[in-house]
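Source file: structure-v3.txt; contents: compact mmCIF, C-alpha atoms.
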# COMPACT_ATOMS: atom_id res chain seq x y z
CA MET A 1 20.84 -11.67 -52.98
CA TRP A 2 19.13 -8.42 -53.68
CA ALA A 3 15.71 -7.84 -55.15
CA VAL A 4 15.19 -6.06 -58.46
CA ASP A 5 12.10 -4.60 -60.10
CA PRO A 6 10.32 -7.17 -62.29
CA PRO A 7 10.27 -7.02 -66.10
CA MET A 8 7.91 -4.57 -67.73
CA TYR A 9 7.46 -6.70 -70.84
CA THR A 10 5.71 -10.05 -71.09
CA ALA A 11 7.02 -13.17 -72.77
CA VAL A 12 4.53 -12.65 -75.61
CA GLN A 13 5.64 -9.07 -76.19
CA THR A 14 9.26 -10.19 -76.14
CA ALA A 15 8.70 -13.03 -78.60
CA ARG A 16 6.76 -10.77 -80.98
CA ALA A 17 9.47 -8.10 -80.81
CA CYS A 18 12.17 -10.70 -81.50
CA SER A 19 10.26 -12.03 -84.51
CA GLN A 20 10.37 -8.65 -86.20
CA GLY A 21 13.16 -8.31 -88.70
CA VAL A 22 13.81 -12.06 -88.92
CA ARG A 23 14.56 -12.62 -92.61
CA ASP A 24 14.11 -16.36 -92.48
CA SER A 25 10.36 -16.66 -93.08
CA HIS A 26 10.21 -20.19 -91.67
CA LEU A 27 11.93 -19.13 -88.44
CA LYS A 28 9.68 -16.10 -88.09
CA GLU A 29 6.58 -18.26 -88.60
CA ALA A 30 7.85 -20.76 -86.02
CA VAL A 31 8.34 -18.01 -83.42
CA LEU A 32 4.86 -16.60 -83.99
CA ALA A 33 3.33 -20.09 -83.98
CA ALA A 34 4.86 -20.70 -80.56
CA ILE A 35 3.46 -17.53 -78.97
CA SER A 36 1.02 -19.46 -76.78
CA ASN A 37 3.89 -21.70 -75.64
CA PHE A 38 6.00 -18.72 -74.65
CA SER A 39 3.06 -17.38 -72.64
CA THR A 40 2.35 -20.69 -70.89
CA ASN A 41 6.04 -21.32 -70.21
CA SER A 42 6.32 -17.90 -68.61
CA GLU A 43 3.38 -18.59 -66.31
CA ILE A 44 4.89 -21.94 -65.28
CA TYR A 45 8.29 -20.37 -64.72
CA GLN A 46 6.88 -17.60 -62.55
CA ALA A 47 4.86 -20.08 -60.50
CA ASP A 48 7.91 -22.30 -59.94
CA ALA A 49 10.10 -19.32 -59.05
CA THR A 50 7.52 -17.97 -56.62
CA ALA A 51 7.45 -21.35 -54.88
CA SER A 52 11.29 -21.57 -54.95
CA ASP A 53 10.93 -24.79 -56.91
CA LEU A 54 13.17 -24.07 -59.91
CA HIS A 55 15.60 -26.71 -58.65
CA ARG A 56 12.90 -29.28 -59.45
CA THR A 57 12.28 -28.14 -63.01
CA SER A 58 13.53 -29.62 -66.27
CA PRO A 59 13.89 -28.45 -69.89
CA GLY A 60 10.89 -30.54 -70.92
CA ARG A 61 8.67 -28.37 -68.73
CA TYR A 62 9.05 -25.50 -71.22
CA PRO A 63 8.29 -26.76 -74.73
CA VAL A 64 8.54 -24.54 -77.81
CA PRO A 65 7.51 -26.75 -80.73
CA GLY A 66 9.22 -26.02 -84.03
CA LEU A 67 12.20 -24.17 -82.54
CA SER A 68 15.54 -25.84 -81.87
CA ALA A 69 17.99 -24.89 -79.13
CA ASP A 70 20.33 -23.34 -81.70
CA GLN A 71 17.49 -21.26 -83.10
CA MET A 72 16.49 -20.02 -79.65
CA HIS A 73 20.10 -19.08 -78.91
CA TRP A 74 20.30 -17.26 -82.27
CA ILE A 75 17.12 -15.33 -81.51
CA TYR A 76 18.52 -14.20 -78.16
CA ARG A 77 21.87 -13.09 -79.61
CA ASN A 78 20.55 -11.44 -82.75
CA ARG A 79 16.98 -10.34 -82.08
CA LEU A 80 17.09 -9.45 -78.36
CA ALA A 81 20.68 -8.70 -77.31
CA GLY A 82 21.89 -7.34 -80.65
CA ALA A 83 22.69 -3.61 -80.56
CA ARG A 84 20.27 -2.81 -83.40
CA SER A 85 17.88 -5.69 -82.93
CA SER A 86 14.11 -5.38 -82.85
CA GLY A 87 13.99 -6.55 -79.24
CA ARG A 88 16.81 -4.37 -77.97
CA LYS A 89 14.45 -1.97 -76.15
CA ILE A 90 13.32 -4.90 -74.01
CA TYR A 91 16.93 -5.91 -73.34
CA ASP A 92 17.72 -2.31 -72.33
CA GLN A 93 14.69 -2.15 -70.03
CA LEU A 94 15.84 -5.28 -68.24
CA MET A 95 19.33 -3.83 -67.89
CA SER A 96 17.98 -0.53 -66.58
CA ALA A 97 16.37 -2.34 -63.63
CA ALA A 98 19.82 -2.85 -62.08
CA PRO A 99 19.92 -0.60 -58.98
CA HIS A 100 22.39 2.22 -59.62
CA GLY A 101 23.61 0.26 -62.62
CA LEU A 102 25.15 -2.40 -60.37
CA CYS A 103 25.07 -6.17 -60.67
CA VAL A 104 22.06 -7.64 -58.88
CA TYR A 105 24.10 -10.59 -57.60
CA CYS A 106 27.07 -8.82 -56.00
CA ARG A 107 26.06 -5.12 -55.84
CA TYR A 108 29.62 -4.16 -56.75
CA GLY A 109 30.36 -4.80 -60.43
CA GLN A 110 28.71 -2.81 -63.19
CA ALA A 111 25.71 -4.55 -64.75
CA VAL A 112 26.79 -4.96 -68.37
CA THR A 113 25.01 -8.13 -69.44
CA LEU A 114 21.95 -10.27 -68.80
CA ASP A 115 22.47 -13.55 -66.98
CA HIS A 116 20.15 -16.45 -67.77
CA PHE A 117 19.02 -17.51 -64.30
CA LEU A 118 18.25 -20.97 -65.68
CA PRO A 119 21.12 -21.34 -68.17
CA LYS A 120 20.16 -21.17 -71.81
CA ALA A 121 22.61 -24.00 -72.56
CA THR A 122 20.17 -26.31 -70.76
CA PHE A 123 16.92 -24.34 -70.94
CA ALA A 124 17.06 -23.04 -74.50
CA ALA A 125 13.30 -22.40 -74.50
CA LEU A 126 13.85 -19.74 -71.81
CA SER A 127 16.51 -17.87 -73.80
CA ILE A 128 14.23 -14.85 -74.29
CA GLU A 129 12.00 -15.29 -71.23
CA PRO A 130 12.11 -11.86 -69.49
CA TRP A 131 11.74 -13.34 -66.00
CA ASN A 132 14.81 -15.50 -66.63
CA LEU A 133 17.08 -12.58 -67.58
CA ILE A 134 18.98 -10.91 -64.73
CA PRO A 135 21.17 -7.77 -65.03
CA SER A 136 24.64 -8.78 -63.88
CA CYS A 137 28.34 -8.03 -64.13
CA GLN A 138 30.70 -10.06 -66.27
CA GLN A 139 32.38 -11.63 -63.25
CA CYS A 140 29.19 -13.00 -61.70
CA ASN A 141 27.88 -14.09 -65.07
CA HIS A 142 31.14 -15.94 -65.72
CA ARG A 143 31.22 -17.55 -62.27
CA LEU A 144 27.68 -18.84 -62.62
CA GLY A 145 28.34 -20.13 -66.12
CA ASP A 146 25.96 -22.87 -67.19
CA SER A 147 25.52 -24.20 -63.67
CA TRP A 148 22.11 -25.25 -62.45
CA ASN A 149 21.68 -26.91 -59.10
CA VAL A 150 19.02 -29.52 -58.40
CA ASP A 151 19.69 -29.38 -54.65
CA ALA A 152 16.96 -27.44 -52.83
CA ASP A 153 19.45 -25.98 -50.37
CA ALA A 154 21.68 -24.77 -53.20
CA GLU A 155 19.01 -23.17 -55.41
CA MET A 156 19.99 -19.60 -56.23
CA LEU A 157 17.77 -16.89 -54.77
CA HIS A 158 15.90 -15.31 -57.66
CA PRO A 159 16.18 -11.49 -57.77
CA TYR A 160 12.66 -11.10 -59.21
CA PHE A 161 11.16 -13.32 -56.51
CA MET A 162 13.31 -12.38 -53.55
CA PRO A 163 11.80 -12.98 -50.12
CA ASP A 164 12.55 -10.65 -47.23
CA LEU A 165 15.90 -11.91 -45.98
CA GLY A 166 16.55 -9.20 -43.42
CA ARG A 167 20.12 -8.63 -42.36
CA TRP A 168 22.46 -11.42 -43.44
CA LEU A 169 25.86 -9.81 -44.16
CA ARG A 170 28.45 -9.37 -41.42
CA ALA A 171 32.02 -8.11 -41.27
CA GLU A 172 34.91 -8.50 -38.85
CA VAL A 173 38.09 -6.48 -38.39
CA GLU A 174 41.35 -8.37 -38.64
CA ARG A 175 43.89 -6.57 -36.44
CA THR A 176 46.71 -6.89 -38.90
CA THR A 177 49.05 -4.56 -40.75
CA PRO A 178 47.52 -3.40 -42.97
CA VAL A 179 44.03 -3.75 -41.48
CA VAL A 180 41.81 -6.27 -43.24
CA VAL A 181 38.04 -6.61 -43.07
CA THR A 182 36.52 -10.03 -43.72
CA PHE A 183 32.93 -10.67 -44.74
CA SER A 184 30.63 -13.58 -43.97
CA VAL A 185 27.02 -14.69 -43.96
CA ASP A 186 25.16 -14.41 -40.66
CA PRO A 187 21.38 -14.50 -41.18
CA ALA A 188 18.92 -13.71 -38.41
CA PRO A 189 18.11 -16.78 -36.24
CA MET A 190 14.43 -16.58 -37.12
CA LEU A 191 15.07 -16.84 -40.89
CA ASP A 192 13.90 -20.05 -42.50
CA PRO A 193 16.84 -22.52 -42.31
CA ARG A 194 16.60 -23.36 -46.01
CA LEU A 195 16.79 -19.69 -46.97
CA ALA A 196 19.81 -19.33 -44.69
CA ARG A 197 21.53 -22.24 -46.43
CA ARG A 198 20.72 -20.77 -49.84
CA ILE A 199 22.22 -17.42 -48.85
CA ASP A 200 25.37 -19.14 -47.64
CA ASN A 201 25.66 -21.23 -50.80
CA GLN A 202 25.12 -18.27 -53.10
CA PHE A 203 27.60 -16.14 -51.16
CA GLU A 204 30.21 -18.86 -51.60
CA SER A 205 29.37 -19.63 -55.23
CA LEU A 206 29.81 -15.99 -56.21
CA GLY A 207 33.01 -15.59 -54.20
CA LEU A 208 31.61 -12.56 -52.39
CA ALA A 209 33.74 -12.94 -49.24
CA GLU A 210 36.94 -12.54 -51.22
CA LEU A 211 35.51 -9.89 -53.54
CA TYR A 212 34.25 -7.66 -50.73
CA SER A 213 37.47 -7.96 -48.73
CA VAL A 214 39.60 -7.06 -51.74
CA VAL A 215 37.51 -4.10 -52.89
CA SER A 216 37.41 -2.73 -49.33
CA SER A 217 41.19 -2.62 -49.00
CA GLN A 218 41.65 0.67 -50.84
CA GLU A 219 39.08 2.45 -48.67
CA LEU A 220 40.68 1.00 -45.55
CA SER A 221 44.05 2.30 -46.64
CA SER A 222 42.61 5.78 -47.06
CA LEU A 223 40.91 5.63 -43.65
CA GLU A 224 44.14 4.63 -41.92
CA ARG A 225 45.79 7.79 -43.24
CA ARG A 226 42.89 10.15 -42.54
CA LEU A 227 41.38 9.13 -39.20
CA PRO A 228 44.39 9.88 -36.95
CA SER A 229 44.81 13.32 -38.50
CA ILE A 230 41.13 14.35 -38.29
CA PHE A 231 39.95 13.09 -34.90
CA ASN A 232 41.40 13.55 -31.42
CA ASN A 233 40.10 10.49 -29.63
CA GLU A 234 38.43 7.10 -29.85
CA VAL A 235 34.94 8.46 -29.19
CA GLN A 236 35.08 10.79 -32.17
CA VAL A 237 36.40 8.09 -34.47
CA ARG A 238 33.67 5.68 -33.41
CA ALA A 239 30.92 8.27 -33.87
CA HIS A 240 32.18 9.11 -37.35
CA LEU A 241 32.38 5.48 -38.49
CA LEU A 242 29.00 4.50 -37.05
CA GLU A 243 27.32 7.53 -38.60
CA ILE A 244 28.51 6.47 -42.04
CA ALA A 245 27.38 2.91 -41.32
CA ALA A 246 23.92 4.00 -40.18
CA THR A 247 23.36 6.11 -43.29
CA ALA A 248 24.29 3.26 -45.61
CA LEU A 249 22.44 0.54 -43.70
CA ALA A 250 19.27 2.61 -43.53
CA LEU A 251 19.01 2.25 -47.31
CA ASP A 252 20.18 -1.36 -47.48
CA PRO A 253 20.74 -3.54 -44.39
CA ASN A 254 23.31 -5.54 -46.36
CA ASP A 255 25.21 -2.64 -47.90
CA ARG A 256 28.84 -3.75 -48.13
CA ARG A 257 30.28 -0.39 -47.08
CA GLY A 258 27.73 0.03 -44.32
CA VAL A 259 28.55 -3.38 -42.89
CA MET A 260 32.28 -2.61 -43.08
CA TYR A 261 31.95 0.77 -41.32
CA GLU A 262 29.76 -0.81 -38.65
CA ALA A 263 32.44 -3.43 -37.93
CA LEU A 264 35.14 -0.74 -37.80
CA GLY A 265 33.08 1.45 -35.49
CA ARG A 266 32.46 -1.41 -33.06
CA ASP A 267 36.09 -2.42 -32.86
CA GLU A 268 37.83 -0.72 -29.91
CA TRP A 269 41.30 -1.42 -31.25
CA TYR A 270 40.48 0.20 -34.58
CA CYS A 271 38.69 3.23 -33.09
CA ALA A 272 41.70 3.86 -30.87
CA CYS A 273 43.78 3.97 -34.05
CA GLU A 274 46.00 1.23 -32.69
CA PHE A 275 46.77 0.31 -36.28
CA VAL A 276 49.10 3.34 -36.34
CA ARG A 277 51.20 1.94 -33.52
CA ALA A 278 51.09 -1.53 -35.02
CA ALA A 279 52.50 -0.31 -38.33
Please express what this file holds, its structure, as C-alpha cells.
Amino acid sequence: MWAVDPPMYTAVQTARACSQGVRDSHLKEAVLAAISNFSTNSEIYQADATASDLHRTSPGRYPVPGLSADQMHWIYRNRLAGARSSGRKIYDQLMSAAPHGLCVYCRYGQAVTLDHFLPKATFAALSIEPWNLIPSCQQCNHRLGDSWNVDADAEMLHPYFMPDLGRWLRAEVERTTPVVVTFSVDPAPMLDPRLARRIDNQFESLGLAELYSVVSSQELSSLERRLPSIFNNEVQVRAHLLEIAATALALDPNDRRGVMYEALGRDEWYCACEFVRAA
C-alpha cells in the first residue's frame, strides 16, 4: 500500500525489445504484428487502474491476436525476465523503482522479482505490460499467487496508481513478557470507506499484521536491554522513543518502525520500563 514511480518504458518499447533475439521467425512476426494491440491494451489498462476498476476487467479486454497464452508466458520468462534477454534492461528498470530495494507491497522484504498485478495465468496478454509489473519480495509474490478479486472492496491498491491514503497503520503495545507490539489498520475517518476496506483487505491478504509483529521482536528485545541502562527516568525514555518515531514518520506516515516507536513512546508502562519488573 505504498506508491512507486511509474514505468519509464512503454508497452510498445517493451514489446519491441522482447521481440529482439527471438529465433522463431513466426513468433517474432506475431509480436511485431501485435504492437498496436499492446499499445491499446496498455491505454485501457491504465484507464481502468486509474479509475480503480480492474476488478471489473476480463482477459477478453486485452486481445493480442496471433499470440497464445503459452507464447506470452515464454516471452516474459525468456525475453524480459531472462538474465541475458533483450528486454532485461526494462525488467531491471522496473525493479530499480522499488524504494530502497524493498518490496512495494510490504516495505520489509527485498524486492527480488516482478509481481503481475493482474496474474499472467489469467491475463496472459498482460505478461509484459510494464504497468502490470510490480517489484516485490518472494513472500508477497507467493501469497498473492494467481489470485484476482472481482469484489470492488477487495481490489488490491495499485502501486502505480496509489491515491493519497494518509495515515492508516497503527500499533499497540502488549504488556507481556517479552513485550509484543501488534499492528493493525486504522485509516483516517475522512478516508473514502471503499479505500479503507481495500486497505484492510490487502493488509490481511498479505499477512502484514503477523509479519510486522514478528520482525519487530528482535528490535524490541534489544530495546528492553538498552533502555534501562541508558536513561534515568520515564520522561527521557519517552522523548527518545518519540524522537525516533517522528524522524521515521516524517518520511513515511506508515513506516513500520516509526509506528512501533510511536506506540512504545505513548505507552506509560513501557516508558517506565515496567517490563523489567515484569520479567
Requested in this report: Skip range 248-251 of chain A itself and residues of its chain fewer than 2 positions away, then list as a list in words all residues within 12 Å of it, counting only C-alpha atoms.
Outcome: Gly166, Arg167, Trp168, Leu169, Arg170, Leu241, Leu242, Glu243, Ile244, Ala245, Ala246, Pro253, Asn254, Asp255, Arg256, Arg257, Gly258, Val259, Met260, Tyr261 and Glu262 of chain A
Requested in this report: Mind checking which residues fall within 9 Å of Cys137 in chain A, counting all atoms listed in the file, ignoring those fewer than 4 positions away in the same chain, and posting them as an MDAnalysis selection string?
Outcome: chainID A and resid 102:106 108:115 141:142
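CA of Asp186 in chain A lies 15.9 Å from CA of Glu210 in chain A.
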Query raised in the report: In Å to one decimal, how far is CA of Glu204 in chain A from CA of Leu144 in chain A?
Result: 11.3 Å
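Distances here use only C-alpha atoms; by that measure, the residue among A:Met162, A:Ser25, A:Ala154, A:Val179 closest to Gln202 in chain A is A:Ala154.
Counting all atoms listed in the file and comparing A:Gln93, A:Gln71, A:Thr122, A:Asn132, the residue that lies closest to Glu43 in chain A is A:Asn132.
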Requested in this report: For range 216-228 of chain A, list every protein, DNA or RNA residue within 12 Å, evaluated using all atoms listed in the file, and leave out those in the same chain fewer than 5 positions away; present the list as a VMD selection string.
Outcome: chain A and resid 108 171 173 to 174 176 to 183 208 to 211 233 to 241 256 to 261 264 to 265 270 to 279
